[in-house]
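Structure data follow from run_17.cif (mmCIF, C-alpha atoms and all ligand atoms):
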data_query
#
loop_
_atom_site.label_atom_id
_atom_site.label_comp_id
_atom_site.auth_asym_id
_atom_site.auth_seq_id
_atom_site.Cartn_x
_atom_site.Cartn_y
_atom_site.Cartn_z
CA MET C 13 111.88 78.71 127.16
CA GLY C 14 109.33 79.25 129.92
CA THR C 15 109.24 78.11 133.49
CA ALA C 16 106.52 75.50 133.80
CA CYS C 17 107.85 72.00 133.75
CA CYS C 18 105.62 69.26 135.06
CA THR C 19 107.64 66.20 135.68
CA ASN C 20 105.52 63.96 137.82
CA ARG C 21 101.90 63.24 138.60
CA SER C 22 102.21 64.27 142.26
CA SER C 23 103.28 67.80 141.29
CA VAL C 24 99.86 68.43 139.78
CA ARG C 25 97.56 66.77 142.28
CA VAL C 26 95.07 69.01 144.00
CA ALA C 27 96.28 69.56 147.55
CA ASP C 28 94.33 67.82 150.28
CA VAL C 29 92.26 70.34 152.26
CA GLN C 30 93.17 68.67 155.58
CA ASN C 31 96.88 69.04 154.84
CA ILE C 32 96.84 72.81 154.62
CA PRO C 33 98.61 74.36 157.65
CA GLN C 34 96.25 75.89 160.23
CA HIS C 35 97.74 79.38 160.89
CA PRO C 36 101.15 78.21 162.18
CA LYS C 37 102.43 81.64 163.28
CA GLU C 38 100.53 83.93 165.65
CA ASN C 39 101.84 87.23 164.30
CA ARG C 40 101.16 86.41 160.73
CA SER C 41 100.34 89.43 158.51
CA ILE C 42 96.79 90.02 157.25
CA ASP C 43 98.07 89.50 153.72
CA SER C 44 99.34 86.07 154.45
CA ASN C 45 96.11 85.15 156.31
CA GLN C 46 94.10 86.21 153.30
CA HIS C 47 96.43 84.31 151.03
CA GLU C 48 96.00 81.20 153.15
CA LEU C 49 92.21 81.61 153.19
CA LEU C 50 92.12 81.96 149.43
CA ARG C 51 94.28 78.88 149.01
CA ARG C 52 91.94 76.92 151.27
CA GLN C 53 88.87 78.14 149.36
CA LYS C 54 90.47 77.23 146.03
CA SER C 55 91.45 73.83 147.27
CA GLN C 56 87.87 73.16 148.35
CA LEU C 57 86.53 74.46 145.05
CA PHE C 58 88.81 72.19 143.00
CA GLN C 59 87.54 69.18 144.92
CA SER C 60 83.88 70.13 144.71
CA GLU C 61 81.42 68.42 142.40
CA GLY C 62 80.28 71.69 140.75
CA ALA C 63 79.41 71.33 137.03
CA ASP C 64 79.12 67.54 137.45
CA SER C 65 82.73 66.64 138.08
CA THR C 66 85.67 67.41 140.34
CA PHE C 67 88.90 68.74 138.89
CA ILE C 68 90.58 65.37 139.46
CA GLU C 69 87.96 63.62 137.35
CA ILE C 70 88.42 65.91 134.36
CA SER C 71 92.20 66.00 134.68
CA THR C 72 92.68 62.33 133.79
CA PRO C 73 94.96 62.37 130.70
CA ARG C 74 93.23 61.30 127.49
CA THR C 75 96.05 58.91 126.60
CA GLY C 76 96.04 57.41 130.12
CA LYS C 77 99.63 58.57 130.73
CA LEU C 78 100.54 62.05 131.91
CA ILE C 79 102.74 63.87 129.40
CA LYS C 80 105.81 65.51 130.96
CA TRP C 81 106.50 68.83 129.30
CA LYS C 82 108.37 72.13 129.20
CA ARG C 83 106.82 75.43 128.19
CA GLY C 84 108.15 77.30 125.14
CA ASP C 85 107.19 80.48 123.26
CA LEU C 86 103.86 82.30 123.43
CA ILE C 87 101.97 81.46 120.22
CA GLY C 88 98.61 83.08 120.78
CA GLU C 89 96.40 84.92 123.19
CA GLY C 90 92.63 85.10 123.50
CA ALA C 91 90.27 86.80 125.90
CA TYR C 92 90.71 84.10 128.55
CA ALA C 93 94.03 82.38 128.12
CA LYS C 94 97.57 82.53 126.78
CA VAL C 95 98.64 79.73 124.46
CA TYR C 96 102.24 78.47 124.42
CA GLN C 97 104.13 75.92 122.39
CA CYS C 98 105.50 73.14 124.60
CA LEU C 99 107.82 70.20 124.31
CA ASN C 100 107.18 66.65 125.47
CA ILE C 101 110.44 66.09 127.36
CA GLU C 102 110.31 62.32 126.87
CA THR C 103 109.51 62.07 123.16
CA GLY C 104 110.42 65.46 121.69
CA GLU C 105 106.88 65.95 120.29
CA LEU C 106 105.51 69.49 120.18
CA PHE C 107 102.16 70.41 121.75
CA ALA C 108 100.24 73.59 122.54
CA VAL C 109 99.29 74.48 126.09
CA LYS C 110 96.41 76.79 126.91
CA HIS C 111 97.40 78.55 130.13
CA PHE C 112 94.66 79.99 132.34
CA THR C 113 95.73 82.27 135.20
CA LEU C 114 93.06 82.34 137.88
CA SER C 115 92.01 85.64 139.49
CA ASP C 116 92.61 86.40 143.16
CA ASP C 117 88.95 86.69 144.09
CA ILE C 118 87.12 83.47 144.97
CA LYS C 119 83.86 84.51 143.26
CA LYS C 120 85.72 85.19 139.99
CA ILE C 121 87.75 81.99 140.40
CA GLU C 122 84.52 79.97 140.75
CA ARG C 123 83.30 81.34 137.42
CA GLU C 124 86.65 80.85 135.67
CA PHE C 125 86.98 77.33 137.03
CA TYR C 126 83.42 76.42 136.05
CA ASN C 127 84.00 77.67 132.47
CA MET C 128 87.34 75.94 132.16
CA LYS C 129 85.88 72.65 133.40
CA LYS C 130 83.02 72.95 130.94
CA GLU C 131 85.46 73.54 128.07
CA VAL C 132 87.62 70.55 129.03
CA SER C 133 84.74 68.16 129.62
CA LEU C 134 83.34 68.95 126.16
CA LEU C 135 86.69 68.78 124.40
CA ARG C 136 87.95 65.52 125.88
CA ASP C 137 85.05 63.54 124.40
CA LEU C 138 85.46 64.91 120.86
CA ASN C 139 87.20 62.96 118.16
CA HIS C 140 87.16 64.44 114.66
CA LYS C 141 89.85 65.41 112.15
CA ASN C 142 88.58 69.02 112.01
CA ILE C 143 88.44 69.53 115.78
CA ILE C 144 91.50 70.25 117.90
CA LYS C 145 92.71 67.22 119.80
CA TYR C 146 92.84 67.39 123.58
CA TYR C 147 95.45 65.63 125.75
CA GLN C 148 95.38 66.59 129.42
CA THR C 149 94.70 69.26 132.04
CA GLU C 150 96.88 70.18 135.00
CA LEU C 151 96.59 72.43 137.99
CA SER C 152 99.77 74.20 139.13
CA GLU C 153 101.09 73.35 142.57
CA ASP C 154 100.34 76.87 143.89
CA LEU C 155 96.72 76.44 142.63
CA ASN C 156 97.01 79.69 140.62
CA CYS C 157 97.09 78.37 137.03
CA ILE C 158 95.55 75.66 134.90
CA ASP C 159 97.20 74.25 131.78
CA VAL C 160 95.18 72.51 129.09
CA MET C 161 97.35 70.58 126.65
CA LEU C 162 96.27 70.38 123.01
CA GLU C 163 97.53 69.24 119.64
CA TYR C 164 99.90 71.93 118.24
CA ILE C 165 98.93 73.56 114.94
CA PRO C 166 102.01 75.37 113.58
CA GLY C 167 100.04 77.32 110.93
CA GLY C 168 98.27 79.27 113.70
CA SER C 169 94.81 80.75 113.35
CA LEU C 170 92.80 81.77 110.31
CA LYS C 171 92.83 85.28 111.81
CA GLN C 172 96.64 85.31 111.62
CA ILE C 173 96.46 84.07 108.02
CA LEU C 174 94.00 86.84 107.10
CA GLN C 175 96.22 89.42 108.80
CA LYS C 176 99.12 88.28 106.61
CA TYR C 177 97.35 87.56 103.31
CA HIS C 178 94.38 89.98 103.73
CA HIS C 179 91.74 87.91 101.94
CA LEU C 180 91.40 84.45 100.42
CA GLU C 181 90.63 83.12 96.93
CA GLU C 182 87.32 81.27 96.57
CA THR C 183 89.10 77.92 96.08
CA ILE C 184 90.63 78.31 99.55
CA ILE C 185 87.31 79.51 101.02
CA LYS C 186 85.77 76.31 99.63
CA SER C 187 88.44 74.13 101.16
CA TYR C 188 88.42 75.79 104.59
CA GLY C 189 84.62 76.22 104.52
CA LYS C 190 84.00 72.55 103.71
CA GLN C 191 86.27 71.35 106.50
CA LEU C 192 84.69 73.79 108.94
CA LEU C 193 81.27 72.40 108.08
CA GLU C 194 82.51 68.84 108.62
CA GLY C 195 83.69 69.82 112.12
CA LEU C 196 80.57 71.84 112.83
CA GLY C 197 78.29 69.04 111.58
CA TYR C 198 80.05 66.63 113.95
CA LEU C 199 79.61 69.03 116.88
CA HIS C 200 75.93 69.58 116.11
CA ALA C 201 75.31 65.84 115.70
CA ASN C 202 76.71 65.51 119.24
CA GLY C 203 74.36 68.18 120.61
CA ILE C 204 77.05 70.87 120.92
CA VAL C 205 76.71 74.49 119.79
CA HIS C 206 80.13 76.14 119.46
CA ARG C 207 78.86 79.71 120.01
CA ASP C 208 82.14 81.49 119.24
CA LEU C 209 82.89 80.66 115.65
CA LYS C 210 85.32 83.26 114.25
CA SER C 211 88.70 83.32 112.50
CA ALA C 212 90.68 83.45 115.79
CA ASN C 213 89.09 80.13 116.82
CA VAL C 214 89.86 78.33 113.56
CA LEU C 215 93.37 76.87 113.25
CA ILE C 216 95.03 75.92 109.96
CA SER C 217 97.70 73.22 109.78
CA THR C 218 100.69 73.47 107.45
CA LYS C 219 98.81 71.10 105.10
CA GLY C 220 95.75 73.35 105.00
CA VAL C 221 93.71 71.20 107.38
CA VAL C 222 91.17 73.14 109.45
CA LYS C 223 90.87 72.56 113.21
CA LEU C 224 88.06 74.14 115.14
CA THR C 225 89.16 75.22 118.63
CA ASP C 226 88.17 77.21 121.77
CA PHE C 227 85.11 75.57 123.31
CA GLY C 228 85.04 78.08 126.18
CA SER C 229 81.63 79.44 125.10
CA SER C 230 80.17 76.16 123.84
CA LYS C 231 77.07 74.50 125.18
CA LYS C 232 75.97 70.90 125.06
CA PHE C 233 72.24 70.35 124.77
CA GLU C 234 71.84 67.06 126.66
CA ASP C 235 68.22 66.82 125.72
CA LEU C 236 67.06 68.18 122.38
CA ASP C 237 63.85 69.41 124.01
CA GLU C 238 65.90 71.48 126.42
CA GLN C 239 65.05 75.18 126.48
CA LEU C 240 66.92 77.34 124.00
CA SER C 241 69.88 79.12 125.53
CA LYS C 242 69.40 82.83 126.20
CA SER C 243 72.89 83.72 127.34
CA LEU C 244 74.88 86.33 125.45
CA LYS C 245 77.82 84.25 124.20
CA GLY C 246 80.27 84.87 121.39
CA SER C 247 82.12 87.76 119.78
CA PRO C 248 80.12 90.73 118.44
CA TYR C 249 80.88 90.72 114.67
CA TRP C 250 79.94 87.05 114.29
CA MET C 251 76.90 86.98 116.62
CA ALA C 252 73.48 85.96 115.33
CA PRO C 253 70.56 88.40 115.89
CA GLU C 254 68.70 85.95 118.14
CA VAL C 255 71.79 85.68 120.38
CA VAL C 256 72.15 89.46 120.67
CA ARG C 257 68.40 89.86 121.30
CA ARG C 258 68.42 86.98 123.81
CA GLU C 259 65.45 85.38 122.12
CA GLY C 260 66.84 81.86 122.59
CA HIS C 261 69.39 80.23 120.31
CA THR C 262 70.61 76.82 119.26
CA PHE C 263 72.66 75.18 116.44
CA SER C 264 71.53 77.68 113.79
CA ALA C 265 73.40 80.47 115.65
CA ASP C 266 76.64 78.75 114.50
CA ILE C 267 75.35 78.81 110.91
CA TRP C 268 74.94 82.61 111.07
CA SER C 269 78.52 82.85 112.40
CA PHE C 270 79.67 80.53 109.58
CA GLY C 271 78.11 82.98 107.08
CA CYS C 272 80.04 85.80 108.80
CA LEU C 273 83.24 83.74 108.51
CA LEU C 274 82.64 83.33 104.75
CA ILE C 275 82.44 87.13 104.47
CA GLU C 276 85.53 87.49 106.66
CA MET C 277 87.52 85.06 104.48
CA PHE C 278 86.46 86.86 101.28
CA ASN C 279 86.97 90.44 102.56
CA GLY C 280 89.75 89.84 105.07
CA SER C 281 87.66 91.49 107.80
CA PRO C 282 84.41 90.45 109.50
CA PRO C 283 80.98 91.89 108.69
CA TRP C 284 80.01 95.19 110.36
CA SER C 285 83.71 96.05 110.94
CA ASN C 286 83.53 98.59 108.10
CA TYR C 287 80.86 100.49 110.12
CA SER C 288 82.11 100.35 113.67
CA ARG C 289 84.84 98.99 115.94
CA ASN C 290 82.69 99.56 119.01
CA ALA C 291 81.18 96.36 120.42
CA LYS C 292 77.97 98.00 121.71
CA GLU C 293 77.38 99.75 118.40
CA VAL C 294 77.94 96.48 116.48
CA LEU C 295 75.47 94.64 118.74
CA ARG C 296 72.95 97.44 118.19
CA MET C 297 73.31 97.09 114.39
CA ILE C 298 72.89 93.30 114.51
CA SER C 299 69.79 93.48 116.69
CA ALA C 300 68.03 96.19 114.65
CA PRO C 301 65.09 94.58 112.79
CA ASP C 302 65.70 93.75 109.12
CA ASN C 303 69.36 94.78 109.31
CA PHE C 304 71.84 92.62 107.37
CA PRO C 305 75.61 92.80 107.02
CA ASP C 306 76.97 93.84 103.59
CA ILE C 307 77.51 90.82 101.35
CA PRO C 308 80.56 91.12 99.06
CA GLU C 309 79.48 92.06 95.53
CA GLN C 310 82.59 90.77 93.74
CA CYS C 311 82.14 87.16 94.88
CA SER C 312 80.72 84.38 92.70
CA ASN C 313 76.94 83.95 92.47
CA SER C 314 77.10 80.66 94.35
CA LEU C 315 79.10 82.12 97.27
CA HIS C 316 76.76 85.12 97.36
CA ASP C 317 73.75 82.81 97.48
CA LEU C 318 75.29 80.66 100.23
CA ILE C 319 76.10 83.68 102.42
CA CYS C 320 72.51 84.96 102.01
CA LYS C 321 71.14 81.55 103.07
CA CYS C 322 73.34 81.45 106.22
CA LEU C 323 72.41 85.02 107.15
CA LYS C 324 68.65 84.59 107.30
CA ARG C 325 67.43 86.53 110.31
CA ASN C 326 64.94 83.76 111.07
CA PRO C 327 67.08 80.96 112.57
CA LEU C 328 64.63 78.30 111.37
CA ALA C 329 65.15 79.42 107.74
CA ARG C 330 68.92 78.76 107.85
CA PRO C 331 70.26 75.50 106.38
CA THR C 332 72.01 72.93 108.59
CA ALA C 333 75.76 72.26 108.31
CA LYS C 334 74.97 69.04 106.45
CA GLU C 335 72.65 70.80 104.00
CA ILE C 336 75.26 73.49 103.27
CA LEU C 337 77.74 70.81 102.21
CA ASN C 338 75.31 70.07 99.34
CA HIS C 339 75.08 73.73 98.30
CA GLU C 340 76.30 74.42 94.77
CA PHE C 341 79.22 76.48 96.12
CA PHE C 342 80.71 73.26 97.49
CA VAL C 343 79.59 70.71 94.91
CA THR C 344 80.36 72.40 91.57
CA ASP C 345 84.17 72.46 91.69
CA GLU C 346 85.60 68.98 91.17
CA ASN C 347 89.11 70.10 92.15
CA LEU C 348 88.11 70.90 95.69
CA HIS C 349 90.79 70.30 98.32
CA ASP C 350 89.35 67.39 100.29
CA ASN C 351 91.57 66.30 103.19
CA SER C 352 89.77 62.97 103.53
CA SER C 353 90.55 61.89 99.97
CA THR C 354 94.11 63.23 99.78
CA GLY C 355 95.01 61.55 103.05
CA LEU C 356 96.44 64.77 104.48
CA ILE C 357 97.24 64.80 108.12
CA GLY C 358 97.25 67.73 110.53
N1 LIG C 401 96.49 74.25 119.44
C1 LIG C 401 96.96 75.41 119.00
N2 LIG C 401 98.01 75.46 118.13
C2 LIG C 401 98.47 76.67 117.69
N3 LIG C 401 97.96 77.87 118.05
C3 LIG C 401 96.92 77.89 118.92
C4 LIG C 401 96.37 76.66 119.42
N4 LIG C 401 95.34 76.97 120.24
C5 LIG C 401 95.24 78.31 120.24
N5 LIG C 401 96.19 78.88 119.46
C6 LIG C 401 96.38 80.34 119.26
O1 LIG C 401 96.01 81.01 120.47
C7 LIG C 401 94.89 81.88 120.25
C8 LIG C 401 93.98 81.87 121.46
O2 LIG C 401 93.49 80.55 121.73
P1 LIG C 401 92.01 80.29 122.24
O3 LIG C 401 91.88 78.84 122.54
O4 LIG C 401 91.04 80.83 121.24
O5 LIG C 401 91.97 81.15 123.60
P2 LIG C 401 90.77 82.01 124.26
O6 LIG C 401 89.83 81.00 124.87
O7 LIG C 401 91.44 82.86 125.29
O8 LIG C 401 90.13 82.81 123.16
C9 LIG C 401 94.24 81.37 118.96
O9 LIG C 401 93.57 82.42 118.27
C10 LIG C 401 95.46 80.88 118.16
O10 LIG C 401 96.12 81.99 117.54
MG MG C 402 89.45 82.18 121.31
#

Now that the file is in, can you turn its structure into structure tokens?
Amino acid sequence: MGTACCTNRSSVRVADVQNIPQHPKENRSIDSNQHELLRRQKSQLFQSEGADSTFIEISTPRTGKLIKWKRGDLIGEGAYAKVYQCLNIETGELFAVKHFTLSDDIKKIEREFYNMKKEVSLLRDLNHKNIIKYYQTELSEDLNCIDVMLEYIPGGSLKQILQKYHHLEETIIKSYGKQLLEGLGYLHANGIVHRDLKSANVLISTKGVVKLTDFGSSKKFEDLDEQLSKSLKGSPYWMAPEVVRREGHTFSADIWSFGCLLIEMFNGSPPWSNYSRNAKEVLRMISAPDNFPDIPEQCSNSLHDLICKCLKRNPLARPTAKEILNHEFFVTDENLHDNSSTGLIG
């Protein structure tokens, strides 16, 4: 059992800037002055309107009522956060909490806070069976940590499944792939590019239901005429050539990553990983003109064809998520696991 236990709304409110003590002791050490200054800067930052909303605005619980909870075991860790299981102390329900520890440098904190706010403001508006459900966000009383509460998926990530079972049969790839496309299609229809699609960001419930998670790199295109994004976002093995080359990317970058995920599910490891484990080297291979990842030879003709279609170097030549759902790989097998028809729940 961990330490965090948030039992009332006041314990998570952002402190009022005016209420912070103004250097009460004359002989205070430099360390404590710096600490105080940082606390003041953080407090101001959390109340600022940066990225369209203050922290208080985004921290309104989705259900309208703040969930009181206790932290449990560590269940996962990504590049930015640690994820713990947690217990609703009023109802006994289990949740997951994504725990961000802020740096101790205000410039870094600004970036971390901006990214976290972006992730939460995207996630809280999403409502789809194949996308992780968001509940609430809280700031710790000492202003050092932020906890984002999510639906708990006991099966863990697809990466963990691949580590245990090494590779998947095509029937499972069809089931997971179809559900991923449903989630991705919903995101794209709402103007959102995920930008970090990979097995560690795909969760699998005990009933085999797929939940897309980690919107920390995602971007919402408010206006479809908006300029293509040129930022380098994502994880090397799954990155589309136009992302690596910073030529401007949009929804079709997720389709490339989906193709990489199909390879990863079939082989048990992502494309390019058989050549190099060095990120720079992988990025160099992806960006080299006319370079393609190896496509598994033992897979069915329809899976082979689908992977080739997703991995077109020209982003405009790739199919959309909706079009892929009509590809023969997904439509030929009548016994496909379809969570909408079997009434499975996460
Ligand atoms: N809701 C959840 N239920 C169960 N496990 C989760 C959940 N969210 C994340 N995890 C686990 O934690 C890991 C890291 O989470 P993620 O949101 O991807 O963090 P980061 O943004 O740091 O990459 C995931 O790969 C997964 O193993
Ligand atoms: Mg992640």

- request: With all atoms listed in the file counted, collect every polymer residue having an atom within 8 Å of ligand MG 402 (chain C); state the result as a PyMOL selection string.
  value: chain C and resi 89-92+208+212-213+225-226+228

field: Counting only C-alpha atoms and all ligand atoms, the option among C:Ile204, C:Ile216, C:Leu244, C:Leu318 closest to ligand LIG 401 (chain C)
entry: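 For ligand LIG 401 (chain C), the nearest of the candidates is C:Ile216.
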
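With all atoms listed in the file as the atoms that count, the minimum distance from ligand LIG 401 (chain C) to the choices C:Phe58, C:Tyr188, C:Phe227, C:Phe342 is reached by C:Phe227.
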
task: Excluding Leu240 of chain C and any residue of its chain fewer than 6 positions from it, enumerate the residues within 8 Å of it, using all atoms listed in the file, and give them as a PyMOL selection string.
output: chain C and resi 260-262

field: Selection: 8 Å around Glu276 of chain C, all atoms listed in the file, excl. self and same-chain fewer than 6 positions, as number ranges by chain
entry: C: 179, 211, 282-283

- line: In terms of only C-alpha atoms and all ligand atoms, the residue from C:Ile275, C:Leu224, C:Ala329, C:Val95 at minimal distance from ligand LIG 401 (chain C) is C:Val95

task: Can you work out which one of C:Asn338, C:Gln97, C:Ser281, C:Ser133 has the shortest atom-to-atom distance to ligand LIG 401 (chain C), counting only C-alpha atoms and all ligand atoms?
output: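 The answer is C:Gln97, which sits nearest to ligand LIG 401 (chain C).
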
query: Separation of atom CA of Arg207 of chain C and atom CA of Asn313 of chain C, in Å?
result: 27.9 Å

- prompt: From the set C:Ile87, C:Ala252, C:Leu209, C:Ala201, which residue has the shortest atom-to-atom contact distance to Thr332 of chain C, counting all atoms listed in the file?
  reply: C:Ala201

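Atom CA of Tyr198 of chain C is positioned 19.2 Å from atom CA of Leu274 of chain C.
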
If I only have part of segment 307-320 of chain C, can you fill in N, CA and C atoms and write it as a PDB file, in the coordinates of the input?
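part18.pdb, written as the output of this step:
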ATOM      1  N   ILE C 307      76.999  92.061 101.956  1.00  0.00           N
ATOM      2  CA  ILE C 307      77.510  90.820 101.350  1.00  0.00           C
ATOM      3  C   ILE C 307      78.403  91.230 100.169  1.00  0.00           C
ATOM      4  N   PRO C 308      79.629  90.669 100.105  1.00  0.00           N
ATOM      5  CA  PRO C 308      80.560  91.120  99.060  1.00  0.00           C
ATOM      6  C   PRO C 308      79.943  91.011  97.663  1.00  0.00           C
ATOM      7  N   GLU C 309      80.085  92.075  96.867  1.00  0.00           N
ATOM      8  CA  GLU C 309      79.480  92.060  95.530  1.00  0.00           C
ATOM      9  C   GLU C 309      80.352  91.361  94.509  1.00  0.00           C
ATOM     10  N   GLN C 310      81.659  91.335  94.746  1.00  0.00           N
ATOM     11  CA  GLN C 310      82.590  90.770  93.740  1.00  0.00           C
ATOM     12  C   GLN C 310      82.650  89.251  93.806  1.00  0.00           C
ATOM     13  N   CYS C 311      81.999  88.624  94.762  1.00  0.00           N
ATOM     14  CA  CYS C 311      82.140  87.160  94.880  1.00  0.00           C
ATOM     15  C   CYS C 311      81.258  86.448  93.854  1.00  0.00           C
ATOM     16  N   SER C 312      81.492  85.155  93.665  1.00  0.00           N
ATOM     17  CA  SER C 312      80.720  84.380  92.700  1.00  0.00           C
ATOM     18  C   SER C 312      79.243  84.332  93.123  1.00  0.00           C
ATOM     19  N   ASN C 313      78.370  84.029  92.146  1.00  0.00           N
ATOM     20  CA  ASN C 313      76.940  83.950  92.470  1.00  0.00           C
ATOM     21  C   ASN C 313      76.679  82.877  93.512  1.00  0.00           C
ATOM     22  N   SER C 314      77.402  81.755  93.412  1.00  0.00           N
ATOM     23  CA  SER C 314      77.100  80.660  94.350  1.00  0.00           C
ATOM     24  C   SER C 314      77.538  81.017  95.764  1.00  0.00           C
ATOM     25  N   LEU C 315      78.681  81.716  95.925  1.00  0.00           N
ATOM     26  CA  LEU C 315      79.100  82.120  97.270  1.00  0.00           C
ATOM     27  C   LEU C 315      78.128  83.166  97.816  1.00  0.00           C
ATOM     28  N   HIS C 316      77.717  84.083  96.955  1.00  0.00           N
ATOM     29  CA  HIS C 316      76.760  85.120  97.360  1.00  0.00           C
ATOM     30  C   HIS C 316      75.472  84.473  97.862  1.00  0.00           C
ATOM     31  N   ASP C 317      74.984  83.485  97.108  1.00  0.00           N
ATOM     32  CA  ASP C 317      73.750  82.810  97.480  1.00  0.00           C
ATOM     33  C   ASP C 317      73.904  82.065  98.819  1.00  0.00           C
ATOM     34  N   LEU C 318      75.058  81.411  98.985  1.00  0.00           N
ATOM     35  CA  LEU C 318      75.290  80.660 100.230  1.00  0.00           C
ATOM     36  C   LEU C 318      75.320  81.609 101.435  1.00  0.00           C
ATOM     37  N   ILE C 319      76.023  82.728 101.294  1.00  0.00           N
ATOM     38  CA  ILE C 319      76.100  83.680 102.420  1.00  0.00           C
ATOM     39  C   ILE C 319      74.694  84.155 102.785  1.00  0.00           C
ATOM     40  N   CYS C 320      73.889  84.483 101.745  1.00  0.00           N
ATOM     41  CA  CYS C 320      72.510  84.960 102.010  1.00  0.00           C
ATOM     42  C   CYS C 320      71.710  83.900 102.772  1.00  0.00           C
TER      43      CYS C 320
END
